[in-house]
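Here is the file input-v7.cif (mmCIF, C-alpha atoms).
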data_structure
loop_
_atom_site.label_atom_id
_atom_site.label_comp_id
_atom_site.auth_asym_id
_atom_site.auth_seq_id
_atom_site.Cartn_x
_atom_site.Cartn_y
_atom_site.Cartn_z
CA MET A 1 -32.66 -18.65 -80.44
CA SER A 2 -30.72 -20.05 -77.52
CA THR A 3 -30.15 -18.28 -74.28
CA LEU A 4 -26.52 -17.62 -75.18
CA GLU A 5 -27.52 -16.03 -78.48
CA ARG A 6 -30.31 -13.88 -77.05
CA PRO A 7 -29.57 -10.17 -77.62
CA PRO A 8 -29.21 -8.00 -74.54
CA VAL A 9 -32.36 -6.37 -73.28
CA GLU A 10 -32.23 -2.67 -72.47
CA ASN A 11 -33.89 -3.17 -69.10
CA GLU A 12 -31.14 -5.56 -68.01
CA TRP A 13 -27.83 -4.42 -66.69
CA ASP A 14 -24.81 -5.90 -65.05
CA GLN A 15 -25.09 -5.72 -61.29
CA LYS A 16 -21.68 -6.47 -59.89
CA GLU A 17 -21.86 -7.79 -56.39
CA MET A 18 -19.36 -6.07 -54.15
CA PRO A 19 -17.91 -7.75 -51.08
CA PHE A 20 -18.47 -6.15 -47.71
CA THR A 21 -14.93 -4.74 -47.60
CA GLU A 22 -15.53 -3.03 -50.96
CA HIS A 23 -18.67 -1.43 -49.58
CA LEU A 24 -16.69 -0.15 -46.60
CA ARG A 25 -13.96 1.17 -48.91
CA GLU A 26 -16.58 2.90 -51.05
CA LEU A 27 -18.22 4.40 -47.95
CA ARG A 28 -14.86 5.63 -46.69
CA THR A 29 -14.13 7.28 -50.04
CA ARG A 30 -17.50 9.04 -50.09
CA LEU A 31 -17.06 10.22 -46.50
CA LEU A 32 -13.56 11.54 -47.18
CA ILE A 33 -14.81 13.48 -50.22
CA SER A 34 -17.68 14.93 -48.17
CA ILE A 35 -15.40 15.90 -45.27
CA ALA A 36 -12.86 17.41 -47.66
CA THR A 37 -15.58 19.43 -49.39
CA VAL A 38 -16.85 20.85 -46.12
CA GLY A 39 -13.30 21.42 -44.89
CA VAL A 40 -12.16 23.36 -47.96
CA ILE A 41 -15.27 25.55 -47.94
CA ALA A 42 -14.91 26.12 -44.18
CA VAL A 43 -11.28 27.26 -44.60
CA LEU A 44 -12.29 29.67 -47.35
CA LEU A 45 -15.15 31.02 -45.22
CA PHE A 46 -12.99 31.48 -42.13
CA ILE A 47 -11.16 34.40 -43.74
CA PRO A 48 -14.26 36.62 -44.24
CA SER A 49 -16.08 35.19 -41.20
CA LYS A 50 -15.43 38.32 -39.09
CA ASP A 51 -17.02 40.61 -41.68
CA ALA A 52 -19.91 38.18 -42.20
CA ILE A 53 -20.64 38.04 -38.46
CA ASN A 54 -20.56 41.82 -38.20
CA TRP A 55 -22.97 41.99 -41.13
CA MET A 56 -25.37 39.55 -39.44
CA VAL A 57 -25.28 41.59 -36.24
CA ARG A 58 -26.09 44.81 -38.11
CA THR A 59 -28.81 43.11 -40.18
CA TYR A 60 -30.65 41.11 -37.52
CA PHE A 61 -29.76 42.91 -34.27
CA ALA A 62 -29.58 46.58 -35.17
CA GLY A 63 -29.09 48.64 -32.03
CA ILE A 64 -28.14 45.61 -29.91
CA GLN A 65 -24.55 45.37 -28.76
CA LEU A 66 -23.27 41.81 -28.48
CA HIS A 67 -20.88 40.79 -25.71
CA ALA A 68 -18.18 38.15 -25.45
CA PHE A 69 -18.39 36.31 -22.13
CA GLY A 70 -15.14 34.44 -22.65
CA PRO A 71 -11.76 35.07 -24.33
CA ALA A 72 -12.39 32.38 -26.97
CA ASP A 73 -16.03 33.20 -27.72
CA VAL A 74 -15.29 35.15 -30.89
CA ILE A 75 -12.81 32.67 -32.39
CA PHE A 76 -15.12 29.73 -31.65
CA THR A 77 -18.01 31.64 -33.21
CA GLU A 78 -16.01 32.31 -36.37
CA PHE A 79 -14.99 28.65 -36.50
CA LYS A 80 -18.59 27.50 -36.07
CA PHE A 81 -19.73 29.95 -38.75
CA SER A 82 -17.17 28.50 -41.16
CA VAL A 83 -18.11 24.88 -40.51
CA ILE A 84 -21.87 25.42 -40.73
CA GLY A 85 -21.36 27.52 -43.84
CA GLY A 86 -19.28 24.72 -45.33
CA ILE A 87 -22.07 22.21 -44.66
CA VAL A 88 -24.77 24.46 -46.10
CA ILE A 89 -22.85 25.45 -49.23
CA GLY A 90 -21.53 21.91 -49.69
CA LEU A 91 -24.95 20.32 -49.18
CA PRO A 92 -25.44 19.47 -52.88
CA MET A 93 -22.11 17.65 -52.92
CA LEU A 94 -23.01 15.79 -49.71
CA ILE A 95 -26.32 14.67 -51.22
CA TYR A 96 -24.50 13.69 -54.41
CA GLN A 97 -21.99 11.51 -52.51
CA LEU A 98 -24.80 9.85 -50.56
CA TRP A 99 -26.67 9.17 -53.78
CA MET A 100 -23.62 7.75 -55.57
CA PHE A 101 -23.08 5.34 -52.67
CA VAL A 102 -26.61 4.02 -53.15
CA VAL A 103 -26.96 3.90 -56.93
CA PRO A 104 -24.67 0.94 -57.91
CA ALA A 105 -27.67 -1.38 -57.42
CA ILE A 106 -29.96 0.85 -59.50
CA HIS A 107 -30.63 0.84 -63.23
CA PRO A 108 -28.16 3.05 -65.18
CA ARG A 109 -31.01 5.15 -66.54
CA THR A 110 -32.06 5.92 -62.98
CA ARG A 111 -28.48 6.69 -62.00
CA ARG A 112 -28.27 9.45 -64.61
CA MET A 113 -31.12 11.16 -62.84
CA VAL A 114 -28.75 12.26 -60.08
CA TYR A 115 -27.09 14.78 -62.39
CA SER A 116 -30.42 16.49 -62.94
CA PHE A 117 -30.76 16.90 -59.16
CA ILE A 118 -27.59 18.92 -58.61
CA ALA A 119 -28.82 22.26 -59.96
CA PRO A 120 -32.24 22.09 -58.21
CA SER A 121 -30.50 21.16 -54.95
CA ILE A 122 -28.23 24.22 -55.16
CA LEU A 123 -31.14 26.51 -56.04
CA LEU A 124 -33.27 25.10 -53.20
CA SER A 125 -30.41 25.63 -50.74
CA PHE A 126 -30.23 29.31 -51.67
CA ALA A 127 -34.04 29.54 -51.61
CA GLY A 128 -34.01 28.20 -48.05
CA LEU A 129 -31.34 30.69 -47.02
CA ALA A 130 -33.30 33.55 -48.62
CA PHE A 131 -36.52 32.44 -46.93
CA ALA A 132 -34.80 32.39 -43.54
CA HIS A 133 -33.03 35.71 -44.17
CA PHE A 134 -35.99 37.74 -45.40
CA LEU A 135 -38.96 36.18 -43.61
CA VAL A 136 -38.03 34.04 -40.63
CA ILE A 137 -35.05 35.51 -38.78
CA PRO A 138 -36.18 39.19 -38.74
CA ARG A 139 -39.63 38.25 -37.38
CA VAL A 140 -38.32 35.79 -34.81
CA VAL A 141 -35.59 38.17 -33.58
CA HIS A 142 -38.04 41.09 -33.37
CA ALA A 143 -40.49 38.99 -31.35
CA LEU A 144 -37.80 37.72 -28.99
CA ILE A 145 -36.34 41.19 -28.39
CA TYR A 146 -39.82 42.55 -27.72
CA ILE A 147 -40.51 39.78 -25.19
CA THR A 148 -37.11 40.25 -23.55
CA SER A 149 -37.39 44.04 -23.34
CA ALA A 150 -40.65 43.73 -21.41
CA VAL A 151 -38.82 42.29 -18.40
CA ALA A 152 -35.10 42.88 -18.90
CA THR A 153 -32.44 44.77 -20.82
CA PRO A 154 -31.36 42.74 -23.88
CA THR A 155 -27.75 41.71 -23.34
CA PHE A 156 -26.80 38.97 -25.76
CA GLY A 157 -23.61 36.96 -26.03
CA VAL A 158 -21.95 36.81 -29.42
CA ALA A 159 -21.56 33.02 -29.37
CA SER A 160 -25.16 32.10 -28.52
CA THR A 161 -26.61 34.83 -30.75
CA ILE A 162 -24.68 33.92 -33.90
CA ASN A 163 -25.26 30.24 -33.15
CA PHE A 164 -29.01 30.96 -33.11
CA VAL A 165 -28.83 32.65 -36.53
CA LEU A 166 -26.63 29.96 -38.07
CA ILE A 167 -28.92 27.17 -36.85
CA LEU A 168 -31.94 28.81 -38.47
CA LEU A 169 -30.07 29.38 -41.74
CA GLY A 170 -28.86 25.77 -41.76
CA ILE A 171 -32.29 24.38 -40.90
CA PHE A 172 -33.97 26.12 -43.81
CA ALA A 173 -31.22 25.21 -46.27
CA ILE A 174 -31.87 21.56 -45.33
CA ILE A 175 -35.68 21.86 -45.20
CA PHE A 176 -35.79 23.19 -48.75
CA GLN A 177 -34.13 20.00 -49.99
CA MET A 178 -37.39 18.11 -49.39
CA PRO A 179 -38.58 18.17 -53.03
CA VAL A 180 -35.26 16.75 -54.22
CA VAL A 181 -35.33 14.00 -51.58
CA LEU A 182 -38.96 13.03 -52.17
CA VAL A 183 -38.61 13.04 -55.97
CA GLY A 184 -35.53 10.85 -55.64
CA LEU A 185 -37.37 8.40 -53.39
CA ALA A 186 -40.29 8.37 -55.81
CA ARG A 187 -37.98 7.63 -58.75
CA LEU A 188 -36.57 4.69 -56.80
CA GLY A 189 -40.10 3.43 -56.19
CA ILE A 190 -39.88 3.81 -52.43
CA VAL A 191 -42.73 6.35 -52.26
CA GLY A 192 -45.34 7.60 -54.70
CA SER A 193 -47.90 10.37 -55.00
CA PRO A 194 -50.77 8.13 -53.70
CA PHE A 195 -48.69 7.24 -50.64
CA LEU A 196 -47.78 10.86 -49.94
CA ARG A 197 -51.38 12.01 -50.37
CA ARG A 198 -52.61 9.29 -48.05
CA TYR A 199 -50.30 10.42 -45.25
CA ARG A 200 -50.84 14.18 -45.55
CA ARG A 201 -52.25 14.52 -42.03
CA HIS A 202 -49.48 12.42 -40.53
CA ALA A 203 -46.89 14.54 -42.32
CA PHE A 204 -48.52 17.76 -41.10
CA PHE A 205 -48.36 16.55 -37.50
CA ALA A 206 -44.79 15.26 -37.93
CA PHE A 207 -43.64 18.61 -39.34
CA PHE A 208 -44.94 20.50 -36.32
CA VAL A 209 -43.23 18.02 -33.99
CA ALA A 210 -40.01 18.45 -35.99
CA GLY A 211 -40.47 22.23 -35.85
CA GLY A 212 -40.77 22.06 -32.08
CA ILE A 213 -37.59 20.01 -31.85
CA ALA A 214 -35.61 22.08 -34.35
CA ALA A 215 -36.65 25.52 -33.09
CA PRO A 216 -33.52 26.84 -31.34
CA ASP A 217 -35.52 29.16 -29.06
CA GLY A 218 -38.66 27.10 -28.35
CA ASN A 219 -40.78 30.00 -29.60
CA PRO A 220 -44.16 28.89 -31.09
CA MET A 221 -43.64 31.39 -33.92
CA THR A 222 -40.35 29.78 -34.82
CA MET A 223 -41.94 26.34 -34.69
CA ALA A 224 -44.70 27.46 -37.08
CA LEU A 225 -42.24 29.17 -39.42
CA ILE A 226 -40.30 25.89 -39.64
CA ALA A 227 -43.29 23.53 -39.89
CA LEU A 228 -45.43 25.42 -42.41
CA PRO A 229 -42.74 25.69 -45.12
CA MET A 230 -42.03 21.98 -44.64
CA TYR A 231 -45.66 21.14 -45.26
CA GLY A 232 -45.83 23.54 -48.23
CA LEU A 233 -42.79 21.86 -49.80
CA TYR A 234 -44.40 18.48 -49.09
CA GLU A 235 -47.49 19.48 -51.07
CA ILE A 236 -45.39 20.91 -53.90
CA SER A 237 -43.42 17.66 -54.01
CA ILE A 238 -46.63 15.65 -54.40
CA TRP A 239 -47.60 17.62 -57.51
CA ILE A 240 -44.09 17.40 -58.97
CA ILE A 241 -44.03 13.64 -58.40
CA LEU A 242 -47.52 13.28 -59.87
CA LEU A 243 -46.40 14.97 -63.09
CA LEU A 244 -43.15 13.03 -63.26
CA GLU A 245 -44.84 9.68 -62.65
CA ARG A 246 -46.76 10.09 -65.92
CA SER A 247 -43.57 10.62 -67.88
CA TRP A 248 -41.87 7.74 -66.06
CA ARG A 249 -44.75 5.39 -66.91
CA ALA A 250 -44.78 6.55 -70.53
CA ARG A 251 -41.02 6.06 -70.83
CA SER A 252 -41.22 2.64 -69.19
CA PHE A 253 -44.04 1.63 -71.54
CA SER A 254 -42.10 2.77 -74.62
CA THR A 255 -39.02 0.70 -73.69
CA THR A 256 -40.96 -2.53 -73.09
#
Take the structure in this file and express it as structure tokens.
Amino acid sequence: MSTLERPPVENEWDQKEMPFTEHLRELRTRLLISIATVGVIAVLLFIPSKDAINWMVRTYFAGIQLHAFGPADVIFTEFKFSVIGGIVIGLPMLIYQLWMFVVPAIHPRTRRMVYSFIAPSILLSFAGLAFAHFLVIPRVVHALIYITSAVATPTFGVASTINFVLILLGIFAIIFQMPVVLVGLARLGIVGSPFLRRYRRHAFFAFFVAGGIAAPDGNPMTMALIALPMYGLYEISIWIILLLERSWRARSFSTT
């Protein structure tokens, strides 16, 4: 059978080379969709932002009266709450747009994997928010108020206080995306379970460095509460990838 008559092989696919201008146009489209997603969510969140901020104050700072040290502190705080909330809630869409910008050079079977990532990404975002809400923020705030009360009367500004809470919520919503990111990289062949196991110690050290950088208050407790979940998710990701690699190898073997 000649080359022209050879039937198409399932593992082959048509990779259309795009010129540089097309790549820029594609990137612009993905960025505009991402910005629009965050913008729409932020506008919707701006309406109930006042009630949400009051709820956070009652929940995390019961008995502490917040103060505005400038005429625009409250409005800027509500605006920041809306934007950060838009990023956190829209995180699955942002990851999806990033993925779709990368996948044109990837096998179609691998591309379809992105759709299976959307639901886990949303669930992990909410898991990160719940972890920060129930475990991290109450303990960190209690420790900081205790330390402050030993030498001074706690008098907190509304802008810096809400910013502190929003940063922690955003950090944990992003941290809990680690399994999705690592599984995606493993599916692309960039990393694998042997590689991740080999660099466990390096990852552990890197997570504590990242925790020290990301901690908005520089408190060692906050650093540990950021670093330890990161390492726990890293270990969970290794086991998930290890299980998936077997099915990937079996599927690859069956199609050859």
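The set of protein, DNA and RNA residues with any counted atom at most 12 Å from (-22.4, 45.7, -25.0) (all atoms listed in the file) reads Gly63, Ile64, Gln65, Leu66, His67, Ala68, Phe69, Thr153, Pro154, Thr155, Phe156, Gly157 and Val158 of chain A.
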How close does each residue of segment 199-228 of chain A get to segment 128-142 of chain A, giving the shortest atom pair and distance in Å to one decimal for every residue with an atom at most 8 Å away, counting all atoms listed in the file, sorted by chain and residue number, as a tab-separated table?
residue	atom	partner	partner_atom	distance
A:Met221	CA	A:Val140	CA	7.0
A:Thr222	CA	A:Val140	CA	6.3
A:Leu225	CA	A:Val136	CA	6.6
Point to revise | Picked residues, the PyMOL selection byres ((chain A and resi 95) around 12), expected as number ranges by chain | key: A: 30-31, 33-34, 37, 87-94, 96-102, 114-115, 117-122, 125, 174, 177-178, 180-181, 184
Point to revise | d(atom CA of Ala42 of chain A, atom CA of His23 of chain A) in Å | key: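 Here the two named atoms are 28.3 Å from each other.
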Exercise for review: Find, counting only C-alpha atoms, the residue in A:Leu196, A:Ala206, A:Ala215, A:Val183 that gets nearest to Glu235 of chain A.
Suggested key: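 Checking each of A:Leu196, A:Ala206, A:Ala215, A:Val183 against Glu235 of chain A, counting only C-alpha atoms, the winner is A:Leu196.
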Exercise for review: Calculate how many Å separate atom CA of Met230 of chain A from atom CA of Phe164 of chain A, rounding to one decimal.
Suggested key: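 According to the coordinates, atom CA of Met230 of chain A and atom CA of Phe164 of chain A are separated by 19.6 Å.
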Review point. Which is closest to Ile167 of chain A among A:Gly189, A:Gly85, A:Gly39, A:Pro216, if we use only C-alpha atoms?
Key: A:Pro216
Review point. If you count all atoms listed in the file, which residues fall within 12 Å of Gly211 of chain A, apart from same-chain ones fewer than 5 positions away, as a list in words?
Key: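 What passes the distance filter is Leu168, Ile171, Phe172, Ile175, Ala203, Phe204, Phe205, Ala206, Pro216, Asp217, Gly218, Asn219, Pro220, Met221, Thr222, Met223, Ala224, Leu225, Ile226, Ala227, Leu228, Pro229, Met230 and Tyr231 of chain A.
In terms of minimum interatomic distance to Thr77 of chain A, A:Ala159 ranks closest within A:Ala159, A:Ser149, A:Met56, A:Ser116, counting only C-alpha atoms.
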Check your understanding: With all atoms listed in the file as the basis for distance, which of A:Phe176, A:Phe61, A:Phe207, A:Trp248 is at the shortest distance from Ile236 of chain A?
Key ->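 Counting all atoms listed in the file, the residue closest to Ile236 of chain A is A:Phe176.
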Review point. Can you tell me how far atom CA of Leu242 of chain A sits from atom CA of Ala186 of chain A, in Å to one decimal?
Key: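 Those two atoms sit 9.6 Å apart.
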Exercise for review: Could you list the residues chosen by the PyMOL selection byres ((chain A and resi 43) around 12) in this structure as JSON, numbers by chain?
Suggested key: {"A": [36, 37, 38, 39, 40, 41, 42, 44, 45, 46, 47, 48, 49, 78, 79, 80, 81, 82, 83, 84, 85, 86, 87]}
Exercise for review: Using the chain letters and numbers from the file, give me the residues hit by the PyMOL selection byres ((chain A and resi 192) around 12), as a VMD selection string.
Suggested key: chain A and resid 182 to 191 193 to 199 237 to 246 248
